[in-house]
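Text of the file query-v8.txt, holding compact mmCIF, C-alpha atoms:
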```
# COMPACT_ATOMS: atom_id res chain seq x y z
CA MET A 235 -17.18 -17.02 -21.12
CA THR A 236 -17.71 -13.94 -18.95
CA PHE A 237 -15.49 -12.84 -16.09
CA ILE A 238 -16.00 -11.54 -12.56
CA ASP A 239 -15.35 -7.80 -12.42
CA ASP A 240 -14.17 -6.70 -8.96
CA LEU A 241 -11.76 -4.04 -10.18
CA GLY A 242 -13.92 -1.12 -9.04
CA LEU A 243 -14.22 -2.51 -5.52
CA VAL A 244 -10.50 -3.22 -5.33
CA LEU A 245 -9.69 0.34 -6.40
CA ASN A 246 -12.04 1.64 -3.71
CA LEU A 247 -10.26 -0.52 -1.14
CA ILE A 248 -6.78 0.69 -2.07
CA THR A 249 -8.07 4.25 -1.90
CA LEU A 250 -9.15 3.46 1.66
CA VAL A 251 -5.64 2.12 2.31
CA ALA A 252 -4.10 5.42 1.17
CA VAL A 253 -6.52 7.39 3.36
CA ALA A 254 -5.98 5.17 6.41
CA VAL A 255 -2.17 5.27 6.10
CA PHE A 256 -2.17 9.05 5.65
CA TYR A 257 -4.51 9.65 8.58
CA THR A 258 -2.54 7.32 10.85
CA ALA A 259 0.82 8.78 9.87
CA PHE A 260 -0.43 12.35 10.25
CA LEU A 261 -1.93 11.78 13.72
CA VAL A 262 1.13 9.89 14.95
CA TRP A 263 3.45 12.60 13.65
CA MET A 264 1.39 15.41 15.21
CA SER A 265 1.33 13.57 18.54
CA MET A 266 5.09 13.08 18.44
CA ARG A 267 5.65 16.76 17.66
CA SER A 268 3.67 17.48 20.84
CA HIS A 269 5.84 14.95 22.71
CA ASP A 270 2.72 12.90 23.46
CA VAL A 271 4.14 9.40 22.94
CA ALA A 272 1.23 7.61 24.60
CA ARG A 273 -1.27 9.23 22.23
CA ALA A 274 0.97 8.46 19.25
CA GLN A 275 1.08 4.80 20.25
CA THR A 276 -2.70 4.67 20.55
CA GLN A 277 -3.16 6.25 17.11
CA LEU A 278 -0.62 3.82 15.68
CA ARG A 279 -2.45 0.78 17.07
CA ALA A 280 -5.80 2.04 15.79
CA GLY A 281 -4.39 2.70 12.32
CA ALA A 282 -2.67 -0.67 12.24
CA LEU A 283 -5.95 -2.41 13.09
CA VAL A 284 -7.75 -0.72 10.20
CA LEU A 285 -4.88 -1.43 7.81
CA GLY A 286 -4.79 -5.04 8.93
CA ILE A 287 -8.50 -5.44 8.15
CA LEU A 288 -8.02 -3.86 4.71
CA GLY A 289 -4.95 -6.01 4.14
CA VAL A 290 -6.82 -9.23 4.92
CA VAL A 291 -9.67 -8.30 2.56
CA LEU A 292 -7.27 -7.35 -0.23
CA LEU A 293 -5.24 -10.49 0.33
CA ALA A 294 -8.39 -12.62 0.09
CA PHE A 295 -9.23 -11.03 -3.28
CA ALA A 296 -5.62 -11.39 -4.40
CA LEU A 297 -5.19 -15.05 -3.53
CA TRP A 298 -8.55 -15.93 -5.06
CA GLY A 299 -7.47 -14.15 -8.23
CA GLU A 300 -4.05 -15.80 -8.26
CA PHE A 301 -5.61 -19.27 -8.01
CA THR A 302 -8.57 -18.80 -10.37
CA TRP A 303 -7.52 -16.15 -12.91
CA PRO A 304 -11.08 -14.77 -13.14
CA LEU A 305 -10.26 -12.23 -15.85
CA ASN A 306 -10.88 -14.45 -18.82
CA VAL A 307 -12.14 -13.61 -22.29
CA THR A 308 -11.18 -16.46 -24.62
CA LEU A 309 -10.90 -16.10 -28.39
CA PRO A 310 -11.87 -18.95 -30.75
CA ASP A 311 -8.20 -19.98 -30.95
CA GLY A 312 -8.12 -20.46 -27.16
CA THR A 313 -6.17 -17.27 -26.35
CA ASN A 314 -7.19 -15.49 -23.14
CA VAL A 315 -6.89 -11.82 -24.08
CA LEU A 316 -7.13 -10.77 -20.42
CA ALA A 317 -4.52 -13.18 -19.06
CA ALA A 318 -1.92 -10.46 -18.46
CA TYR A 319 -4.40 -8.48 -16.37
CA ASN A 320 -4.57 -11.30 -13.83
CA ILE A 321 -0.81 -10.99 -13.39
CA LEU A 322 -0.83 -7.19 -13.32
CA PHE A 323 -3.60 -6.79 -10.75
CA PHE A 324 -3.43 -9.85 -8.50
CA ASP A 325 0.36 -9.97 -8.12
CA ALA A 326 0.29 -6.37 -6.91
CA LEU A 327 -2.61 -7.00 -4.54
CA THR A 328 -0.97 -10.09 -3.06
CA MET A 329 2.29 -8.31 -2.33
CA GLY A 330 0.55 -5.22 -0.97
CA GLY A 331 -1.79 -7.28 1.21
CA ILE A 332 1.15 -9.15 2.73
CA VAL A 333 2.88 -5.88 3.69
CA LEU A 334 -0.29 -4.46 5.26
CA VAL A 335 -0.96 -7.59 7.31
CA ALA A 336 2.71 -7.80 8.36
CA PHE A 337 2.65 -4.17 9.52
CA ALA A 338 -0.56 -4.69 11.49
CA LEU A 339 0.81 -7.79 13.21
CA THR A 340 4.14 -6.20 14.12
CA VAL A 341 2.35 -3.24 15.69
CA ARG A 342 -0.10 -5.48 17.54
CA LEU A 343 2.67 -7.75 18.85
CA ARG A 344 5.00 -4.82 19.62
CA LEU A 345 7.67 -6.13 17.26
CA PRO A 346 9.91 -4.03 14.99
CA THR A 347 7.75 -2.60 12.21
CA SER A 348 10.83 -2.08 10.03
CA PHE A 349 10.57 -5.76 9.04
CA ALA A 350 7.34 -4.86 7.24
CA GLY A 351 9.00 -1.69 5.96
CA ILE A 352 11.88 -3.52 4.30
CA LEU A 353 9.33 -5.71 2.54
CA GLY A 354 7.72 -2.47 1.39
CA VAL A 355 10.95 -1.48 -0.38
CA LEU A 356 10.93 -4.66 -2.47
CA VAL A 357 7.18 -4.59 -3.07
CA GLY A 358 7.29 -0.92 -4.04
CA SER A 359 10.08 -1.56 -6.52
CA ALA A 360 8.08 -4.44 -8.00
CA LEU A 361 4.96 -2.27 -8.30
CA ILE A 362 6.85 0.38 -10.22
CA PHE A 363 8.26 -2.27 -12.56
CA TYR A 364 4.83 -3.85 -13.11
CA GLY A 365 3.32 -0.44 -13.82
CA TYR A 366 6.08 0.56 -16.21
CA ARG A 367 5.84 -2.70 -18.14
CA ALA A 368 2.05 -2.43 -18.32
CA TYR A 369 2.44 1.11 -19.65
CA ASN A 370 4.84 -0.12 -22.32
CA LEU A 371 2.34 -2.79 -23.36
CA SER A 372 -0.68 -0.43 -23.10
CA LEU A 373 -2.48 -3.10 -21.11
CA THR A 374 -5.28 -0.86 -19.88
CA LEU A 375 -7.57 1.65 -21.58
CA ASP A 376 -5.94 4.33 -19.39
CA PRO A 377 -2.23 3.37 -19.41
CA THR A 378 -0.99 6.71 -18.09
CA GLU A 379 -3.42 6.72 -15.14
CA ALA A 380 -2.61 3.07 -14.39
CA PHE A 381 1.13 3.78 -14.43
CA ALA A 382 0.62 6.78 -12.15
CA LEU A 383 -1.29 4.54 -9.73
CA TYR A 384 1.46 1.91 -9.61
CA LEU A 385 4.19 4.54 -9.44
CA ALA A 386 2.58 6.41 -6.54
CA PHE A 387 1.80 3.34 -4.46
CA GLY A 388 5.20 1.88 -5.28
CA GLY A 389 6.88 5.07 -4.10
CA ALA A 390 4.82 5.08 -0.90
CA ALA A 391 5.75 1.45 -0.23
CA ILE A 392 9.45 2.23 -0.66
CA LEU A 393 9.20 5.24 1.65
CA SER A 394 7.45 3.12 4.25
CA PHE A 395 10.83 1.71 5.31
CA PRO A 396 12.27 4.93 6.81
CA VAL A 397 8.83 5.68 8.27
CA THR A 398 8.74 2.31 10.04
CA LEU A 399 12.25 2.98 11.33
CA TYR A 400 10.94 6.26 12.75
CA ILE A 401 8.10 4.35 14.39
CA ASP A 402 10.51 1.83 15.92
CA PHE A 403 12.98 4.46 17.12
CA PHE A 404 10.68 7.14 18.47
CA VAL A 405 7.09 5.89 18.84
CA VAL A 406 7.40 2.32 20.13
CA ALA A 407 10.90 2.26 21.65
CA PRO A 408 10.06 4.54 24.62
CA SER A 409 7.83 1.76 26.04
CA THR A 410 9.46 -1.25 24.28
CA PRO A 411 13.16 -0.36 23.89
CA ASP A 412 14.23 -3.57 22.18
CA VAL A 413 12.23 -2.84 19.00
CA ALA A 414 14.76 -0.18 17.96
CA PRO A 415 17.36 -1.61 15.53
CA MET A 416 20.05 0.45 17.27
CA SER A 417 20.29 3.06 19.98
CA PRO A 418 17.56 5.74 19.59
CA GLU A 419 20.15 8.33 20.58
CA ILE A 420 21.95 7.73 17.29
CA ALA A 421 18.78 8.29 15.25
CA ALA A 422 17.90 11.39 17.28
CA ARG A 423 21.02 13.17 16.02
CA TYR A 424 19.41 13.81 12.65
CA PRO A 425 15.89 15.19 13.30
CA LYS A 426 15.65 16.95 9.93
CA VAL A 427 16.24 13.67 8.10
CA TRP A 428 13.21 12.08 9.77
CA LEU A 429 11.19 15.25 9.18
CA GLY A 430 12.03 15.07 5.49
CA PHE A 431 11.16 11.39 5.15
CA ASN A 432 7.86 11.76 6.99
CA ALA A 433 6.82 14.84 5.02
CA PHE A 434 7.75 13.26 1.68
CA PHE A 435 5.87 10.08 2.65
CA LEU A 436 2.71 12.07 3.35
CA ILE A 437 3.00 13.92 0.05
CA VAL A 438 3.41 10.68 -1.91
CA LEU A 439 0.42 9.20 -0.08
CA VAL A 440 -1.72 12.13 -1.17
CA LEU A 441 -0.59 11.58 -4.75
CA ALA A 442 -1.34 7.85 -4.44
CA GLY A 443 -4.82 8.59 -3.16
CA ILE A 444 -5.47 11.04 -5.99
CA ALA A 445 -4.21 8.52 -8.55
CA ALA A 446 -6.45 5.81 -7.09
CA ILE A 447 -9.48 8.11 -7.11
CA ILE A 448 -8.92 9.19 -10.73
CA TYR A 449 -8.30 5.67 -11.99
CA GLY A 450 -11.15 4.31 -9.89
CA PHE A 451 -13.57 6.97 -11.16
CA ASN A 452 -12.74 6.21 -14.79
CA THR A 453 -12.91 2.47 -14.20
CA ILE A 454 -16.19 2.42 -12.28
CA TRP A 455 -17.79 4.86 -14.74
CA ALA A 456 -16.90 2.58 -17.66
CA HIS A 457 -17.57 -0.73 -15.92
CA LEU A 458 -20.99 0.27 -14.62
CA GLY A 459 -21.95 1.25 -18.16
CA ALA A 460 -20.77 -2.04 -19.63
CA PRO A 461 -20.71 -4.79 -16.99
CA PRO A 462 -19.42 -8.24 -18.00
```

For the file at hand, write its structure as structure tokens.
Amino acid sequence: MTFIDDLGLVLNLITLVAVAVFYTAFLVWMSMRSHDVARAQTQLRAGALVLGILGVVLLAFALWGEFTWPLNVTLPDGTNVLAAYNILFFDALTMGGIVLVAFALTVRLRLPTSFAGILGVLVGSALIFYGYRAYNLSLTLDPTEAFALYLAFGGAAILSFPVTLYIDFFVVAPSTPDVAPMSPEIAARYPKVWLGFNAFFLIVLVLAGIAAIIYGFNTIWAHLGAPP
């Protein structure tokens, strides 16, 4: 029995996620440094829309994969040698898709985005664990590249929590004060902390994008040469 091979497309989509998050975060940050809150809010809404669309598409792939387990090569004894790949790929996509959709909705509804950010901490931790375990088991033909992919996106997801707090405190709160989890004046006392978190988040996003491109290039090159 053959299997449906959407891995190349999925890797392209998560590369788009890394690009969209980086571009949104960079524009919002630059606008805030210029004290242009209105422009920052507009960039945030535009980025959230794009991320929401990507999140819905990824979630559709993920839920389909969770319910059908399409990666299936069965040996004569009935063993599916690709069973673990369904867990590795589709669990990660489901969790990531949920965070993206949650972030898009909270921005659209002007609700605290840190609720999506705290989910990102748990999802990011899970991604790192999945990637580490897959590396131990050598589940892919490129275990190091796969681990780097999971590690980078997991780190970005974890760092999304302080970034969403920054959004709530400084980007959204000026027009919707009740989204801030506490008084913005308290958060404003430590500007270098937010600068550090935002800068580190952007760096990790660049690394995540590079990891996705490298892994995606190797995967698409191999899969186009030997489709299922």

Check: Do you know which residues are at most 10 Å from Asp376 of chain A counting all atoms listed in the file, after dropping those on the same chain fewer than 5 positions away, and could you put them as a ChimeraX atom specification?
Finding: /A:369,381,449,452-453

Could you write those residues out with C-alpha atoms, as a JSON list (two decimals), in the coordinates of the input?
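The resulting result-v7.json:
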```json
[["chain", "number", "residue", "atom", "x", "y", "z"],
["A", 369, "TYR", "CA", 2.44, 1.11, -19.65],
["A", 381, "PHE", "CA", 1.13, 3.78, -14.43],
["A", 449, "TYR", "CA", -8.30, 5.67, -11.99],
["A", 452, "ASN", "CA", -12.74, 6.21, -14.79],
["A", 453, "THR", "CA", -12.91, 2.47, -14.20]]
```

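Checking A:Arg273, A:Tyr319, A:Arg267, A:Ala391 one by one against Val251 of chain A, counting only C-alpha atoms, you find the shortest gap at A:Ala391.
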
Checklist line | Distance criterion (only C-alpha atoms): nearest to Met329 of chain A out of A:Pro346, A:Gly242, A:Gly450, A:Gly388 | finding: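 Using only C-alpha atoms, Met329 of chain A sits closest to A:Gly388.
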
Next item on the list: Find the residues around segment 370-374 of chain A up to 12 Å (all atoms listed in the file counted), leave out those fewer than 5 positions away in its own chain, and share them as a ChimeraX atom specification.
Entry: /A:315-323,363-365,379-381,449,452-453

Check: Restricting the calculation to all atoms listed in the file, which member of A:Leu334, A:Ala442, A:Val341, A:Leu297 is positioned closest to Ala280 of chain A?
Finding: A:Val341

Next item on the list: Counting only C-alpha atoms, figure out which residue out of A:Thr328, A:Thr340, A:Thr249, A:Asn432 gets nearest to Val290 of chain A.
Entry: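 The answer is A:Thr328, which sits nearest to Val290 of chain A.
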
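Closest to Ile248 of chain A among A:Leu305, A:Gly289, A:Ser417, A:Leu375 is A:Gly289, based on all atoms listed in the file.
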
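The residue that comes closest to Met416 of chain A, out of A:Ser348, A:Phe431, A:Ser394, A:Ala446 and on the basis of only C-alpha atoms, is A:Ser348.
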
Residues near Tyr257 of chain A, anyone? I mean within 10 Å using all atoms listed in the file, not counting same-chain ones fewer than 4 positions away, as a tab-separated table (two decimals) with C-alpha atoms, in the frame of the given file.
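The result, stored in out-v8.tsv:
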```tsv
chain	number	residue	atom	x	y	z
A	251	VAL	CA	-5.64	2.12	2.31
A	252	ALA	CA	-4.10	5.42	1.17
A	253	VAL	CA	-6.52	7.39	3.36
A	261	LEU	CA	-1.93	11.78	13.72
A	262	VAL	CA	1.13	9.89	14.95
A	263	TRP	CA	3.45	12.60	13.65
A	277	GLN	CA	-3.16	6.25	17.11
A	278	LEU	CA	-0.62	3.82	15.68
A	281	GLY	CA	-4.39	2.70	12.32
A	436	LEU	CA	2.71	12.07	3.35
A	439	LEU	CA	0.42	9.20	-0.08
```

Note to self: Rounded to one decimal, what separation in Å do you get between atom CA of Thr308 of chain A and atom CA of Ala368 of chain A?
What the structure shows: 20.3 Å

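The interatomic distance for the pair atom CA of Leu399 of chain A and atom CA of Ile287 of chain A works out to 22.6 Å.
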
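Atom CA of Met266 of chain A lies 27.5 Å from atom CA of Gly331 of chain A.
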
Note to self: I'd like the contact shell of Val355 of chain A - 12 Å cut-off, all atoms listed in the file, skipping same-chain residues fewer than 3 positions apart - returned as a list of chain:residue names.
What the structure shows: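 Result of the neighbour search: A:Met329, A:Gly330, A:Val333, A:Ser348, A:Phe349, A:Ala350, A:Gly351, A:Ile352, A:Gly358, A:Ser359, A:Ala360, A:Leu361, A:Ile362, A:Phe387, A:Gly388, A:Gly389, A:Ala390, A:Ala391, A:Ile392, A:Leu393, A:Ser394, A:Phe395, A:Pro396, A:Val397, A:Thr398.
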
Next item on the list: Please provide the set of residues having any atom within 7 Å of Val413 of chain A, restricted to all atoms listed in the file, with same-chain residues fewer than 5 positions apart removed, written as a list in words.
Entry: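 Skipping anything fewer than 5 positions along the chain leaves Leu345, Pro346, Asp402 and Ala407 of chain A.
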
Next item on the list: Go ahead and find all residues with at least one atom no further than 8 Å from (9.7, 13.2, 23.4) in the file's coordinates, using all atoms listed in the file; report them as a count of residues only.
Entry: 7

Please complete segment 355-375 of chain A with N, CA and C atoms and give it back as a short mmCIF file (atom, residue, chain, number, x, y, z; two decimals), in the coordinates of the input.
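Writing done, so here's selection_13.cif:
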```cif
data_model
loop_
_atom_site.label_atom_id
_atom_site.label_comp_id
_atom_site.auth_asym_id
_atom_site.auth_seq_id
_atom_site.Cartn_x
_atom_site.Cartn_y
_atom_site.Cartn_z
N VAL A 355 9.97 -1.93 0.61
CA VAL A 355 10.95 -1.48 -0.38
C VAL A 355 10.92 -2.40 -1.60
N LEU A 356 10.93 -3.70 -1.36
CA LEU A 356 10.93 -4.66 -2.47
C LEU A 356 9.60 -4.65 -3.20
N VAL A 357 8.50 -4.61 -2.44
CA VAL A 357 7.18 -4.59 -3.07
C VAL A 357 6.99 -3.32 -3.87
N GLY A 358 7.41 -2.17 -3.33
CA GLY A 358 7.29 -0.92 -4.04
C GLY A 358 8.07 -0.92 -5.34
N SER A 359 9.28 -1.46 -5.30
CA SER A 359 10.08 -1.56 -6.52
C SER A 359 9.39 -2.43 -7.55
N ALA A 360 8.80 -3.54 -7.08
CA ALA A 360 8.08 -4.44 -8.00
C ALA A 360 6.86 -3.74 -8.60
N LEU A 361 6.14 -2.98 -7.79
CA LEU A 361 4.96 -2.27 -8.30
C LEU A 361 5.33 -1.28 -9.40
N ILE A 362 6.41 -0.57 -9.20
CA ILE A 362 6.85 0.38 -10.22
C ILE A 362 7.22 -0.35 -11.51
N PHE A 363 7.90 -1.48 -11.37
CA PHE A 363 8.26 -2.27 -12.56
C PHE A 363 7.02 -2.79 -13.27
N TYR A 364 6.07 -3.34 -12.52
CA TYR A 364 4.83 -3.85 -13.11
C TYR A 364 4.11 -2.71 -13.85
N GLY A 365 4.01 -1.56 -13.20
CA GLY A 365 3.32 -0.44 -13.82
C GLY A 365 4.00 0.05 -15.07
N TYR A 366 5.33 0.11 -15.04
CA TYR A 366 6.08 0.56 -16.21
C TYR A 366 5.91 -0.41 -17.37
N ARG A 367 5.99 -1.70 -17.07
CA ARG A 367 5.84 -2.70 -18.14
C ARG A 367 4.43 -2.68 -18.71
N ALA A 368 3.44 -2.51 -17.85
CA ALA A 368 2.05 -2.43 -18.32
C ALA A 368 1.86 -1.20 -19.19
N TYR A 369 2.52 -0.10 -18.84
CA TYR A 369 2.44 1.11 -19.65
C TYR A 369 3.06 0.88 -21.02
N ASN A 370 4.20 0.18 -21.05
CA ASN A 370 4.84 -0.12 -22.32
C ASN A 370 3.94 -0.96 -23.22
N LEU A 371 3.19 -1.88 -22.59
CA LEU A 371 2.34 -2.79 -23.36
C LEU A 371 0.94 -2.22 -23.60
N SER A 372 0.66 -1.04 -23.00
CA SER A 372 -0.68 -0.43 -23.10
C SER A 372 -1.76 -1.43 -22.70
N LEU A 373 -1.58 -2.03 -21.52
CA LEU A 373 -2.48 -3.10 -21.11
C LEU A 373 -3.87 -2.60 -20.72
N THR A 374 -3.98 -1.36 -20.30
CA THR A 374 -5.28 -0.86 -19.88
C THR A 374 -5.76 0.21 -20.86
N LEU A 375 -7.03 0.58 -20.74
CA LEU A 375 -7.57 1.65 -21.58
C LEU A 375 -7.03 3.02 -21.15
#
```
